[in-house]
>>> print(open('start.pdb').read())   # PDB, C-alpha atoms
ATOM      1  CA  MET A 308      10.630 -13.950  -8.396  1.00  0.00           C
ATOM      2  CA  SER A 309      13.002 -13.438  -5.470  1.00  0.00           C
ATOM      3  CA  LYS A 310      11.790 -10.724  -3.111  1.00  0.00           C
ATOM      4  CA  THR A 311      12.839  -9.260   0.220  1.00  0.00           C
ATOM      5  CA  ALA A 312      10.195  -8.688   2.876  1.00  0.00           C
ATOM      6  CA  ILE A 313      10.191  -6.752   6.126  1.00  0.00           C
ATOM      7  CA  ILE A 314       7.803  -8.585   8.425  1.00  0.00           C
ATOM      8  CA  ILE A 315       6.809  -6.846  11.650  1.00  0.00           C
ATOM      9  CA  PRO A 316       5.383  -9.170  14.322  1.00  0.00           C
ATOM     10  CA  ALA A 317       2.935  -7.311  16.543  1.00  0.00           C
ATOM     11  CA  ARG A 318       0.857  -8.651  19.405  1.00  0.00           C
ATOM     12  CA  TYR A 319      -1.468  -6.872  21.775  1.00  0.00           C
ATOM     13  CA  GLY A 320      -0.592  -8.713  24.956  1.00  0.00           C
ATOM     14  CA  SER A 321       2.483  -7.534  26.849  1.00  0.00           C
ATOM     15  CA  SER A 322       3.224  -8.158  30.491  1.00  0.00           C
ATOM     16  CA  ARG A 323       4.868  -4.756  30.940  1.00  0.00           C
ATOM     17  CA  LEU A 324       2.947  -2.534  28.511  1.00  0.00           C
ATOM     18  CA  GLU A 325      -0.282  -4.026  27.231  1.00  0.00           C
ATOM     19  CA  GLY A 326      -1.490  -2.918  23.828  1.00  0.00           C
ATOM     20  CA  LYS A 327       1.713  -1.030  23.040  1.00  0.00           C
ATOM     21  CA  PRO A 328       1.435  -1.294  19.210  1.00  0.00           C
ATOM     22  CA  LEU A 329      -1.725   0.824  19.451  1.00  0.00           C
ATOM     23  CA  ILE A 330      -0.460   3.447  21.917  1.00  0.00           C
ATOM     24  CA  GLU A 331      -0.518   6.793  20.134  1.00  0.00           C
ATOM     25  CA  VAL A 332       2.418   9.177  20.180  1.00  0.00           C
ATOM     26  CA  ASN A 333       1.934  12.512  18.454  1.00  0.00           C
ATOM     27  CA  GLY A 334      -1.220  11.249  16.766  1.00  0.00           C
ATOM     28  CA  LYS A 335       0.189   7.968  15.426  1.00  0.00           C
ATOM     29  CA  PRO A 336       0.158   4.458  16.939  1.00  0.00           C
ATOM     30  CA  ILE A 337       3.585   2.986  17.619  1.00  0.00           C
ATOM     31  CA  ILE A 338       3.072   0.301  14.965  1.00  0.00           C
ATOM     32  CA  GLN A 339       2.651   3.080  12.369  1.00  0.00           C
ATOM     33  CA  TRP A 340       5.903   4.735  13.468  1.00  0.00           C
ATOM     34  CA  VAL A 341       7.681   1.411  12.909  1.00  0.00           C
ATOM     35  CA  TYR A 342       5.936   0.759   9.593  1.00  0.00           C
ATOM     36  CA  GLU A 343       6.937   4.162   8.243  1.00  0.00           C
ATOM     37  CA  LYS A 344      10.579   3.493   9.153  1.00  0.00           C
ATOM     38  CA  ALA A 345      10.352   0.222   7.220  1.00  0.00           C
ATOM     39  CA  GLN A 346       8.977   2.110   4.216  1.00  0.00           C
ATOM     40  CA  GLN A 347      12.153   4.223   4.163  1.00  0.00           C
ATOM     41  CA  ALA A 348      14.390   1.152   3.745  1.00  0.00           C
ATOM     42  CA  LYS A 349      15.647   0.761   0.184  1.00  0.00           C
ATOM     43  CA  LEU A 350      16.197  -2.995  -0.090  1.00  0.00           C
ATOM     44  CA  ALA A 351      12.727  -4.294   0.790  1.00  0.00           C
ATOM     45  CA  ASP A 352      10.051  -5.118  -1.774  1.00  0.00           C
ATOM     46  CA  ILE A 353       7.264  -5.938   0.695  1.00  0.00           C
ATOM     47  CA  ILE A 354       6.301  -4.799   4.205  1.00  0.00           C
ATOM     48  CA  ILE A 355       3.847  -6.911   6.218  1.00  0.00           C
ATOM     49  CA  VAL A 356       2.626  -6.568   9.793  1.00  0.00           C
ATOM     50  CA  ALA A 357       1.966 -10.031  11.251  1.00  0.00           C
ATOM     51  CA  THR A 358      -0.542 -10.022  14.103  1.00  0.00           C
ATOM     52  CA  ASP A 359      -3.039 -12.233  15.909  1.00  0.00           C
ATOM     53  CA  ASP A 360      -5.160  -9.310  17.097  1.00  0.00           C
ATOM     54  CA  GLU A 361      -8.110  -7.782  15.224  1.00  0.00           C
ATOM     55  CA  ARG A 362      -7.505  -4.355  16.801  1.00  0.00           C
ATOM     56  CA  ILE A 363      -3.968  -4.202  15.429  1.00  0.00           C
ATOM     57  CA  PHE A 364      -5.161  -5.571  12.073  1.00  0.00           C
ATOM     58  CA  LYS A 365      -7.782  -2.817  11.741  1.00  0.00           C
ATOM     59  CA  THR A 366      -5.362  -0.096  12.848  1.00  0.00           C
ATOM     60  CA  VAL A 367      -2.766  -1.053  10.248  1.00  0.00           C
ATOM     61  CA  LYS A 368      -5.436  -1.221   7.551  1.00  0.00           C
ATOM     62  CA  ALA A 369      -6.668   2.228   8.618  1.00  0.00           C
ATOM     63  CA  PHE A 370      -3.305   3.902   7.969  1.00  0.00           C
ATOM     64  CA  GLY A 371      -2.917   2.060   4.656  1.00  0.00           C
ATOM     65  CA  GLY A 372      -0.464  -0.604   5.793  1.00  0.00           C
ATOM     66  CA  ASN A 373      -0.171  -4.209   4.669  1.00  0.00           C
ATOM     67  CA  VAL A 374      -1.164  -6.639   7.435  1.00  0.00           C
ATOM     68  CA  GLU A 375      -1.941 -10.345   7.788  1.00  0.00           C
ATOM     69  CA  MET A 376      -3.574 -12.313  10.580  1.00  0.00           C
ATOM     70  CA  THR A 377      -1.662 -15.202  12.119  1.00  0.00           C
ATOM     71  CA  SER A 378      -2.305 -17.931  14.646  1.00  0.00           C
ATOM     72  CA  ALA A 379      -2.573 -16.916  18.303  1.00  0.00           C
ATOM     73  CA  ASP A 380      -0.618 -20.029  19.320  1.00  0.00           C
ATOM     74  CA  HIS A 381       2.861 -18.880  18.285  1.00  0.00           C
ATOM     75  CA  LYS A 382       5.413 -18.811  21.083  1.00  0.00           C
ATOM     76  CA  CYS A 383       7.667 -16.182  19.496  1.00  0.00           C
ATOM     77  CA  GLY A 384       7.859 -13.629  16.718  1.00  0.00           C
ATOM     78  CA  SER A 385       9.959 -15.796  14.404  1.00  0.00           C
ATOM     79  CA  ASP A 386       7.235 -18.472  14.365  1.00  0.00           C
ATOM     80  CA  ARG A 387       4.678 -15.795  13.462  1.00  0.00           C
ATOM     81  CA  ILE A 388       6.962 -14.556  10.697  1.00  0.00           C
ATOM     82  CA  ARG A 389       7.408 -18.065   9.317  1.00  0.00           C
ATOM     83  CA  GLU A 390       3.637 -18.467   8.979  1.00  0.00           C
ATOM     84  CA  VAL A 391       3.467 -15.338   6.842  1.00  0.00           C
ATOM     85  CA  ALA A 392       6.554 -16.221   4.796  1.00  0.00           C
ATOM     86  CA  GLU A 393       5.145 -19.651   3.957  1.00  0.00           C
ATOM     87  CA  ARG A 394       2.142 -17.966   2.323  1.00  0.00           C
ATOM     88  CA  HIS A 395       4.478 -16.065   0.016  1.00  0.00           C
ATOM     89  CA  PRO A 396       6.758 -18.337  -2.036  1.00  0.00           C
ATOM     90  CA  GLU A 397       8.153 -15.260  -3.792  1.00  0.00           C
ATOM     91  CA  ILE A 398       9.853 -14.111  -0.555  1.00  0.00           C
ATOM     92  CA  SER A 399      13.488 -15.263  -0.419  1.00  0.00           C
ATOM     93  CA  TYR A 400      14.812 -12.901   2.271  1.00  0.00           C
ATOM     94  CA  ILE A 401      13.070 -11.782   5.433  1.00  0.00           C
ATOM     95  CA  VAL A 402      13.842  -8.982   7.884  1.00  0.00           C
ATOM     96  CA  ASN A 403      12.279  -9.491  11.303  1.00  0.00           C
ATOM     97  CA  LEU A 404      11.662  -5.928  12.490  1.00  0.00           C
ATOM     98  CA  GLN A 405      10.327  -5.621  16.018  1.00  0.00           C
ATOM     99  CA  GLY A 406       7.080  -3.685  16.339  1.00  0.00           C
ATOM    100  CA  ASP A 407       8.387  -1.710  19.304  1.00  0.00           C
ATOM    101  CA  GLU A 408      11.442  -0.103  17.636  1.00  0.00           C
ATOM    102  CA  PRO A 409      10.010   3.178  16.275  1.00  0.00           C
ATOM    103  CA  LEU A 410      13.419   4.888  16.032  1.00  0.00           C
ATOM    104  CA  ILE A 411      15.214   2.164  14.041  1.00  0.00           C
ATOM    105  CA  LYS A 412      17.274   3.673  11.229  1.00  0.00           C
ATOM    106  CA  PRO A 413      16.240   2.648   7.696  1.00  0.00           C
ATOM    107  CA  GLU A 414      19.899   2.172   6.737  1.00  0.00           C
ATOM    108  CA  SER A 415      20.254  -0.322   9.585  1.00  0.00           C
ATOM    109  CA  ILE A 416      17.308  -2.300   8.221  1.00  0.00           C
ATOM    110  CA  ASP A 417      19.065  -2.312   4.857  1.00  0.00           C
ATOM    111  CA  ALA A 418      22.311  -3.527   6.440  1.00  0.00           C
ATOM    112  CA  VAL A 419      20.511  -6.558   7.845  1.00  0.00           C
ATOM    113  CA  ALA A 420      18.840  -7.284   4.513  1.00  0.00           C
ATOM    114  CA  ARG A 421      22.068  -6.816   2.548  1.00  0.00           C
ATOM    115  CA  ASN A 422      23.990  -9.337   4.631  1.00  0.00           C
ATOM    116  CA  VAL A 423      21.644 -12.197   3.810  1.00  0.00           C
ATOM    117  CA  GLN A 424      21.143 -11.067   0.216  1.00  0.00           C
ATOM    118  CA  GLU A 425      24.841 -10.833  -0.626  1.00  0.00           C
ATOM    119  CA  ASP A 426      26.691 -13.173   1.759  1.00  0.00           C
ATOM    120  CA  ASP A 427      26.372 -16.782   0.633  1.00  0.00           C
ATOM    121  CA  LYS A 428      27.653 -18.059   3.986  1.00  0.00           C
ATOM    122  CA  ALA A 429      25.197 -16.066   6.101  1.00  0.00           C
ATOM    123  CA  ASP A 430      22.051 -17.910   7.120  1.00  0.00           C
ATOM    124  CA  ILE A 431      20.964 -15.081   9.426  1.00  0.00           C
ATOM    125  CA  SER A 432      22.100 -11.502   9.983  1.00  0.00           C
ATOM    126  CA  THR A 433      21.784  -9.038  12.845  1.00  0.00           C
ATOM    127  CA  LEU A 434      23.185  -5.792  14.280  1.00  0.00           C
ATOM    128  CA  ILE A 435      25.581  -5.034  17.118  1.00  0.00           C
ATOM    129  CA  ARG A 436      26.975  -1.847  18.647  1.00  0.00           C
ATOM    130  CA  ILE A 437      30.095  -1.088  20.677  1.00  0.00           C
ATOM    131  CA  LEU A 438      29.427  -0.746  24.410  1.00  0.00           C
ATOM    132  CA  LYS A 439      31.396   1.688  26.564  1.00  0.00           C
ATOM    133  CA  ASP A 440      29.096   2.135  29.563  1.00  0.00           C
ATOM    134  CA  GLU A 441      29.921  -0.344  32.342  1.00  0.00           C
ATOM    135  CA  LYS A 442      26.267  -0.444  33.413  1.00  0.00           C
ATOM    136  CA  GLU A 443      25.257  -1.578  29.936  1.00  0.00           C
ATOM    137  CA  ILE A 444      28.064  -4.124  29.786  1.00  0.00           C
ATOM    138  CA  ASN A 445      26.906  -5.685  33.054  1.00  0.00           C
ATOM    139  CA  ASN A 446      23.156  -5.435  32.363  1.00  0.00           C
ATOM    140  CA  PRO A 447      21.723  -8.966  31.779  1.00  0.00           C
ATOM    141  CA  ASN A 448      18.806  -7.450  29.854  1.00  0.00           C
ATOM    142  CA  LEU A 449      21.240  -6.123  27.250  1.00  0.00           C
ATOM    143  CA  VAL A 450      22.534  -9.103  25.316  1.00  0.00           C
ATOM    144  CA  LYS A 451      26.244  -9.158  24.482  1.00  0.00           C
ATOM    145  CA  CYS A 452      27.857 -10.712  21.417  1.00  0.00           C
ATOM    146  CA  VAL A 453      31.342 -11.884  20.487  1.00  0.00           C
ATOM    147  CA  ILE A 454      32.322 -12.140  16.832  1.00  0.00           C
ATOM    148  CA  ASP A 455      35.049 -13.712  14.714  1.00  0.00           C
ATOM    149  CA  ASN A 456      37.445 -11.908  12.369  1.00  0.00           C
ATOM    150  CA  ASN A 457      34.887 -11.995   9.549  1.00  0.00           C
ATOM    151  CA  GLY A 458      32.020 -10.548  11.556  1.00  0.00           C
ATOM    152  CA  TYR A 459      30.161 -13.794  12.221  1.00  0.00           C
ATOM    153  CA  ALA A 460      28.711 -14.271  15.694  1.00  0.00           C
ATOM    154  CA  LEU A 461      30.529 -16.751  17.917  1.00  0.00           C
ATOM    155  CA  TYR A 462      28.184 -16.446  20.883  1.00  0.00           C
ATOM    156  CA  PHE A 463      25.479 -14.308  22.488  1.00  0.00           C
ATOM    157  CA  SER A 464      25.094 -13.998  26.231  1.00  0.00           C
ATOM    158  CA  ARG A 465      23.396 -12.043  28.959  1.00  0.00           C
ATOM    159  CA  SER A 466      26.700 -12.206  30.811  1.00  0.00           C
ATOM    160  CA  LYS A 467      29.615  -9.840  30.336  1.00  0.00           C
ATOM    161  CA  ILE A 468      31.629 -11.425  27.526  1.00  0.00           C
ATOM    162  CA  PRO A 469      34.517 -11.653  26.812  1.00  0.00           C
ATOM    163  CA  TYR A 470      36.083 -12.055  30.245  1.00  0.00           C
ATOM    164  CA  GLU A 471      38.584  -9.225  30.865  1.00  0.00           C
ATOM    165  CA  ARG A 472      41.864 -10.963  31.589  1.00  0.00           C
ATOM    166  CA  ASN A 473      43.550  -8.171  29.620  1.00  0.00           C
ATOM    167  CA  THR A 474      41.409  -5.079  30.099  1.00  0.00           C
ATOM    168  CA  GLU A 475      43.223  -2.855  27.609  1.00  0.00           C
ATOM    169  CA  ILE A 476      42.188  -4.919  24.567  1.00  0.00           C
ATOM    170  CA  ALA A 477      38.618  -5.909  25.401  1.00  0.00           C
ATOM    171  CA  THR A 478      35.811  -4.736  23.105  1.00  0.00           C
ATOM    172  CA  PHE A 479      32.209  -5.312  24.122  1.00  0.00           C
ATOM    173  CA  TYR A 480      29.351  -5.508  21.661  1.00  0.00           C
ATOM    174  CA  GLY A 481      25.681  -5.150  22.495  1.00  0.00           C
ATOM    175  CA  HIS A 482      23.096  -6.945  20.384  1.00  0.00           C
ATOM    176  CA  LEU A 483      20.194  -5.188  18.662  1.00  0.00           C
ATOM    177  CA  GLY A 484      17.144  -7.400  18.243  1.00  0.00           C
ATOM    178  CA  ILE A 485      16.627  -7.193  14.499  1.00  0.00           C
ATOM    179  CA  TYR A 486      17.270 -10.196  12.248  1.00  0.00           C
ATOM    180  CA  GLY A 487      17.542 -10.978   8.582  1.00  0.00           C
ATOM    181  CA  TYR A 488      16.955 -14.519   7.325  1.00  0.00           C
ATOM    182  CA  LYS A 489      17.364 -16.471   4.164  1.00  0.00           C
ATOM    183  CA  ARG A 490      14.002 -18.154   3.662  1.00  0.00           C
ATOM    184  CA  GLU A 491      15.332 -21.684   4.164  1.00  0.00           C
ATOM    185  CA  ALA A 492      17.214 -20.606   7.302  1.00  0.00           C
ATOM    186  CA  LEU A 493      14.063 -19.213   8.919  1.00  0.00           C
ATOM    187  CA  ILE A 494      12.159 -22.419   8.183  1.00  0.00           C
ATOM    188  CA  LYS A 495      15.024 -24.562   9.467  1.00  0.00           C
ATOM    189  CA  MET A 496      15.516 -22.626  12.700  1.00  0.00           C
ATOM    190  CA  THR A 497      11.832 -22.543  13.594  1.00  0.00           C
ATOM    191  CA  SER A 498      11.573 -26.286  12.896  1.00  0.00           C
ATOM    192  CA  LEU A 499      14.392 -27.208  15.294  1.00  0.00           C
ATOM    193  CA  PRO A 500      13.762 -28.043  18.958  1.00  0.00           C
ATOM    194  CA  GLN A 501      14.972 -25.661  21.644  1.00  0.00           C
ATOM    195  CA  THR A 502      18.609 -26.220  22.565  1.00  0.00           C
ATOM    196  CA  PRO A 503      20.326 -26.314  25.978  1.00  0.00           C
ATOM    197  CA  LEU A 504      22.108 -22.973  25.627  1.00  0.00           C
ATOM    198  CA  GLU A 505      18.972 -21.329  24.258  1.00  0.00           C
ATOM    199  CA  LYS A 506      17.036 -22.492  27.310  1.00  0.00           C
ATOM    200  CA  THR A 507      19.822 -21.490  29.693  1.00  0.00           C
ATOM    201  CA  GLU A 508      20.218 -17.933  28.391  1.00  0.00           C
ATOM    202  CA  SER A 509      16.654 -17.556  27.066  1.00  0.00           C
ATOM    203  CA  LEU A 510      18.066 -16.414  23.708  1.00  0.00           C
ATOM    204  CA  GLU A 511      16.507 -17.881  20.577  1.00  0.00           C
ATOM    205  CA  GLN A 512      19.488 -17.065  18.328  1.00  0.00           C
ATOM    206  CA  LEU A 513      21.607 -19.599  20.234  1.00  0.00           C
ATOM    207  CA  ARG A 514      19.470 -22.364  18.702  1.00  0.00           C
ATOM    208  CA  ALA A 515      20.827 -21.334  15.312  1.00  0.00           C
ATOM    209  CA  LEU A 516      24.444 -21.260  16.502  1.00  0.00           C
ATOM    210  CA  GLU A 517      24.152 -24.587  18.311  1.00  0.00           C
ATOM    211  CA  ASN A 518      22.971 -26.135  15.061  1.00  0.00           C
ATOM    212  CA  GLY A 519      25.880 -24.786  13.024  1.00  0.00           C
ATOM    213  CA  MET A 520      24.086 -21.894  11.346  1.00  0.00           C
ATOM    214  CA  LYS A 521      26.034 -18.733  10.529  1.00  0.00           C
ATOM    215  CA  ILE A 522      24.916 -15.324  11.846  1.00  0.00           C
ATOM    216  CA  LYS A 523      26.559 -12.330  10.146  1.00  0.00           C
ATOM    217  CA  THR A 524      26.748  -9.099  12.149  1.00  0.00           C
ATOM    218  CA  SER A 525      27.050  -5.446  11.174  1.00  0.00           C
ATOM    219  CA  ILE A 526      28.267  -2.804  13.612  1.00  0.00           C
ATOM    220  CA  VAL A 527      26.087   0.300  13.947  1.00  0.00           C
ATOM    221  CA  ASP A 528      26.568   3.458  15.978  1.00  0.00           C
ATOM    222  CA  PHE A 529      23.146   4.236  17.394  1.00  0.00           C
ATOM    223  CA  VAL A 530      21.470   3.394  20.692  1.00  0.00           C
ATOM    224  CA  PRO A 531      18.042   1.868  20.084  1.00  0.00           C
ATOM    225  CA  VAL A 532      14.949   3.019  21.936  1.00  0.00           C
ATOM    226  CA  GLY A 533      12.797  -0.084  22.231  1.00  0.00           C
ATOM    227  CA  ILE A 534       9.490   0.398  24.005  1.00  0.00           C
ATOM    228  CA  ASP A 535       8.991  -2.258  26.678  1.00  0.00           C
ATOM    229  CA  THR A 536       7.895  -0.180  29.681  1.00  0.00           C
ATOM    230  CA  LYS A 537       6.062   3.029  30.543  1.00  0.00           C
ATOM    231  CA  GLU A 538       9.455   4.633  31.125  1.00  0.00           C
ATOM    232  CA  ASP A 539      10.541   3.685  27.598  1.00  0.00           C
ATOM    233  CA  LEU A 540       7.318   5.158  26.247  1.00  0.00           C
ATOM    234  CA  GLU A 541       7.908   8.457  28.018  1.00  0.00           C
ATOM    235  CA  LYS A 542      11.470   8.560  26.707  1.00  0.00           C
ATOM    236  CA  PHE A 543      10.207   8.068  23.158  1.00  0.00           C
ATOM    237  CA  LYS A 544       7.597  10.790  23.604  1.00  0.00           C
ATOM    238  CA  GLN A 545      10.290  13.176  24.810  1.00  0.00           C
ATOM    239  CA  ILE A 546      12.546  12.387  21.840  1.00  0.00           C
ATOM    240  CA  ILE A 547       9.697  13.113  19.421  1.00  0.00           C
ATOM    241  CA  ALA A 548       8.795  16.317  21.268  1.00  0.00           C
ATOM    242  CA  ASN A 549      12.417  17.493  21.100  1.00  0.00           C
ATOM    243  CA  LYS A 550      12.587  16.804  17.360  1.00  0.00           C
ATOM    244  CA  LEU A 551       9.418  18.784  16.753  1.00  0.00           C
TER
END
>>> encode(input="start.pdb", output="structure tokens")
Amino acid sequence: MSKTAIIIPARYGSSRLEGKPLIEVNGKPIIQWVYEKAQQAKLADIIIVATDDERIFKTVKAFGGNVEMTSADHKCGSDRIREVAERHPEISYIVNLQGDEPLIKPESIDAVARNVQEDDKADISTLIRILKDEKEINNPNLVKCVIDNNGYALYFSRSKIPYERNTEIATFYGHLGIYGYKREALIKMTSLPQTPLEKTESLEQLRALENGMKIKTSIVDFVPVGIDTKEDLEKFKQIIANKL
């Protein structure tokens, strides 16, 4: 039976904010905030947290979540996700939802899932948003994307792309780090060696593009609040406090 899974890679170690999946905000660990957003998505049949840490495993179990242990040797989240997917032959479509995106919109998760479910040409799917702020456009930590007329990604870069020869027509898109995969595409991409552009930009999705895989994008209108630093954490806490 063909099923769609949201798999949330979560590790304890982080150079900028150690143990962030377990940091509590308003009585809930961040990983639970993310899990509950995944539960609100309509197109997923299964939600699994993939971790190599017993503390995260026990925490997810404690709030009633579905969690599986993975190898500690994985270099990236997509490798961790592949390990879980290979245990489940019934999973045909996978959404890689980052464990530090507690404000992701459920409809955005569905958009990523829908693109790989319904588009025969799409191997992978992801989200982009229109950038207006010049600081964001020039920030190398915010990845930019250029797309073709059908919404497929042409390239991702930390640089400001496209180059503004004609400033009045330029549109800049920022990339949001959520991916959908067809099962065979995930296995293929994680089996391929790193590519020159991937190494140059330190962007894993370029490995897929360099090997001729198609990445379908959807444009969304929200600014994500990913939690990478203490400042991000405080911003998230303030957003939750304001909502309450």
>>> atom_distance(input="start.pdb", atom1="atom CA of Leu404 of chain A", atom2="atom CA of Lys489 of chain A")
14.6 Å
>>> residues_near_point(input="start.pdb", point="(7.0, -15.7, 9.4)", cutoff="9 Å", atoms="only C-alpha atoms", output="list in words")
Ile314, Pro316, Ala357, Gly384, Ser385, Asp386, Arg387, Ile388, Arg389, Glu390, Val391, Ala392, Glu393, Arg394, Ile401, Asn403, Leu493 and Ile494 of chain A
>>> resolve_selection(input="start.pdb", expression="the PyMOL selection byres ((chain A and resi 524) around 12)", output="number ranges by chain")
A: 415, 418-423, 426, 429-436, 452-463, 480-487, 521-523, 525-527
>>> write_last_selection(input="start.pdb", atoms="C-alpha atoms", output="JSON list (two decimals), in the coordinates of the input")
[["chain", "number", "residue", "atom", "x", "y", "z"],
["A", 415, "SER", "CA", 20.25, -0.32, 9.59],
["A", 418, "ALA", "CA", 22.31, -3.53, 6.44],
["A", 419, "VAL", "CA", 20.51, -6.56, 7.84],
["A", 420, "ALA", "CA", 18.84, -7.28, 4.51],
["A", 421, "ARG", "CA", 22.07, -6.82, 2.55],
["A", 422, "ASN", "CA", 23.99, -9.34, 4.63],
["A", 423, "VAL", "CA", 21.64, -12.20, 3.81],
["A", 426, "ASP", "CA", 26.69, -13.17, 1.76],
["A", 429, "ALA", "CA", 25.20, -16.07, 6.10],
["A", 430, "ASP", "CA", 22.05, -17.91, 7.12],
["A", 431, "ILE", "CA", 20.96, -15.08, 9.43],
["A", 432, "SER", "CA", 22.10, -11.50, 9.98],
["A", 433, "THR", "CA", 21.78, -9.04, 12.84],
["A", 434, "LEU", "CA", 23.18, -5.79, 14.28],
["A", 435, "ILE", "CA", 25.58, -5.03, 17.12],
["A", 436, "ARG", "CA", 26.98, -1.85, 18.65],
["A", 452, "CYS", "CA", 27.86, -10.71, 21.42],
["A", 453, "VAL", "CA", 31.34, -11.88, 20.49],
["A", 454, "ILE", "CA", 32.32, -12.14, 16.83],
["A", 455, "ASP", "CA", 35.05, -13.71, 14.71],
["A", 456, "ASN", "CA", 37.44, -11.91, 12.37],
["A", 457, "ASN", "CA", 34.89, -12.00, 9.55],
["A", 458, "GLY", "CA", 32.02, -10.55, 11.56],
["A", 459, "TYR", "CA", 30.16, -13.79, 12.22],
["A", 460, "ALA", "CA", 28.71, -14.27, 15.69],
["A", 461, "LEU", "CA", 30.53, -16.75, 17.92],
["A", 462, "TYR", "CA", 28.18, -16.45, 20.88],
["A", 463, "PHE", "CA", 25.48, -14.31, 22.49],
["A", 480, "TYR", "CA", 29.35, -5.51, 21.66],
["A", 481, "GLY", "CA", 25.68, -5.15, 22.50],
["A", 482, "HIS", "CA", 23.10, -6.94, 20.38],
["A", 483, "LEU", "CA", 20.19, -5.19, 18.66],
["A", 484, "GLY", "CA", 17.14, -7.40, 18.24],
["A", 485, "ILE", "CA", 16.63, -7.19, 14.50],
["A", 486, "TYR", "CA", 17.27, -10.20, 12.25],
["A", 487, "GLY", "CA", 17.54, -10.98, 8.58],
["A", 521, "LYS", "CA", 26.03, -18.73, 10.53],
["A", 522, "ILE", "CA", 24.92, -15.32, 11.85],
["A", 523, "LYS", "CA", 26.56, -12.33, 10.15],
["A", 525, "SER", "CA", 27.05, -5.45, 11.17],
["A", 526, "ILE", "CA", 28.27, -2.80, 13.61],
["A", 527, "VAL", "CA", 26.09, 0.30, 13.95]]
>>> atom_distance(input="start.pdb", atom1="atom CA of Val367 of chain A", atom2="atom CA of Arg323 of chain A")
22.4 Å
>>> resolve_selection(input="start.pdb", expression="the PyMOL selection byres ((chain A and resi 500-502) around 10)", output="list in words")
Met496, Thr497, Ser498, Leu499, Pro503, Leu504, Glu505, Lys506, Thr507, Ser509, Leu510, Glu511, Leu513, Arg514, Ala515, Leu516, Glu517 and Asn518 of chain A
>>> write_last_selection(input="start.pdb", atoms="C-alpha atoms", output="CSV table (one decimal), in the coordinates of the input")
chain,number,residue,atom,x,y,z
A,496,MET,CA,15.5,-22.6,12.7
A,497,THR,CA,11.8,-22.5,13.6
A,498,SER,CA,11.6,-26.3,12.9
A,499,LEU,CA,14.4,-27.2,15.3
A,503,PRO,CA,20.3,-26.3,26.0
A,504,LEU,CA,22.1,-23.0,25.6
A,505,GLU,CA,19.0,-21.3,24.3
A,506,LYS,CA,17.0,-22.5,27.3
A,507,THR,CA,19.8,-21.5,29.7
A,509,SER,CA,16.7,-17.6,27.1
A,510,LEU,CA,18.1,-16.4,23.7
A,511,GLU,CA,16.5,-17.9,20.6
A,513,LEU,CA,21.6,-19.6,20.2
A,514,ARG,CA,19.5,-22.4,18.7
A,515,ALA,CA,20.8,-21.3,15.3
A,516,LEU,CA,24.4,-21.3,16.5
A,517,GLU,CA,24.2,-24.6,18.3
A,518,ASN,CA,23.0,-26.1,15.1
>>> residues_around(input="start.pdb", residues="Asp360 of chain A", least_positions_apart="6", cutoff="8 Å", atoms="only C-alpha atoms", output="list in words")
Arg318, Tyr319 and Met376 of chain A
>>> closest_residue(input="start.pdb", among="A:Ala379, A:Ile354, A:Val450, A:Met520", to="Ile416 of chain A", atoms="only C-alpha atoms")
A:Ile354
>>> residues_around(input="start.pdb", residues="Leu410 of chain A", least_positions_apart="3", cutoff="9 Å", atoms="all atoms listed in the file", output="list of chain:residue names")
A:Trp340, A:Val341, A:Lys344, A:Asp407, A:Pro531, A:Val532, A:Gly533, A:Phe543
>>> atom_distance(input="start.pdb", atom1="atom CA of Ile355 of chain A", atom2="atom CA of Asn373 of chain A")
5.1 Å
>>> closest_residue(input="start.pdb", among="A:Phe370, A:Ala492, A:Gly334, A:Met308", to="Asp427 of chain A", atoms="all atoms listed in the file")
A:Ala492
>>> closest_residue(input="start.pdb", among="A:Leu350, A:Ile468, A:Val530, A:Ile338", to="Pro413 of chain A", atoms="all atoms listed in the file")
A:Leu350
>>> axis_aligned_box(input="start.pdb", around="segment 505-521 of chain A", padding_each_side="6 Å", output="JSON")
{"center_x": 21.3, "center_y": -21.3, "center_z": 20.1, "size_x": 21.5, "size_y": 21.7, "size_z": 31.2}
>>> residues_around(input="start.pdb", residues="Ile547 of chain A", least_positions_apart="2", cutoff="12 Å", atoms="only C-alpha atoms", output="ChimeraX atom specification")
/A:332-335,337,340,409-410,532,540-545,549-551
>>> closest_residue(input="start.pdb", among="A:Gln339, A:Gln405, A:Asn445, A:Gln347", to="Ala317 of chain A", atoms="all atoms listed in the file")
A:Gln405
>>> closest_residue(input="start.pdb", among="A:Arg362, A:Glu491, A:Ile534, A:Leu449", to="Phe479 of chain A", atoms="all atoms listed in the file")
A:Leu449
>>> closest_residue(input="start.pdb", among="A:Gly371, A:Tyr488, A:Leu438, A:Thr474", to="Glu425 of chain A", atoms="all atoms listed in the file")
A:Tyr488
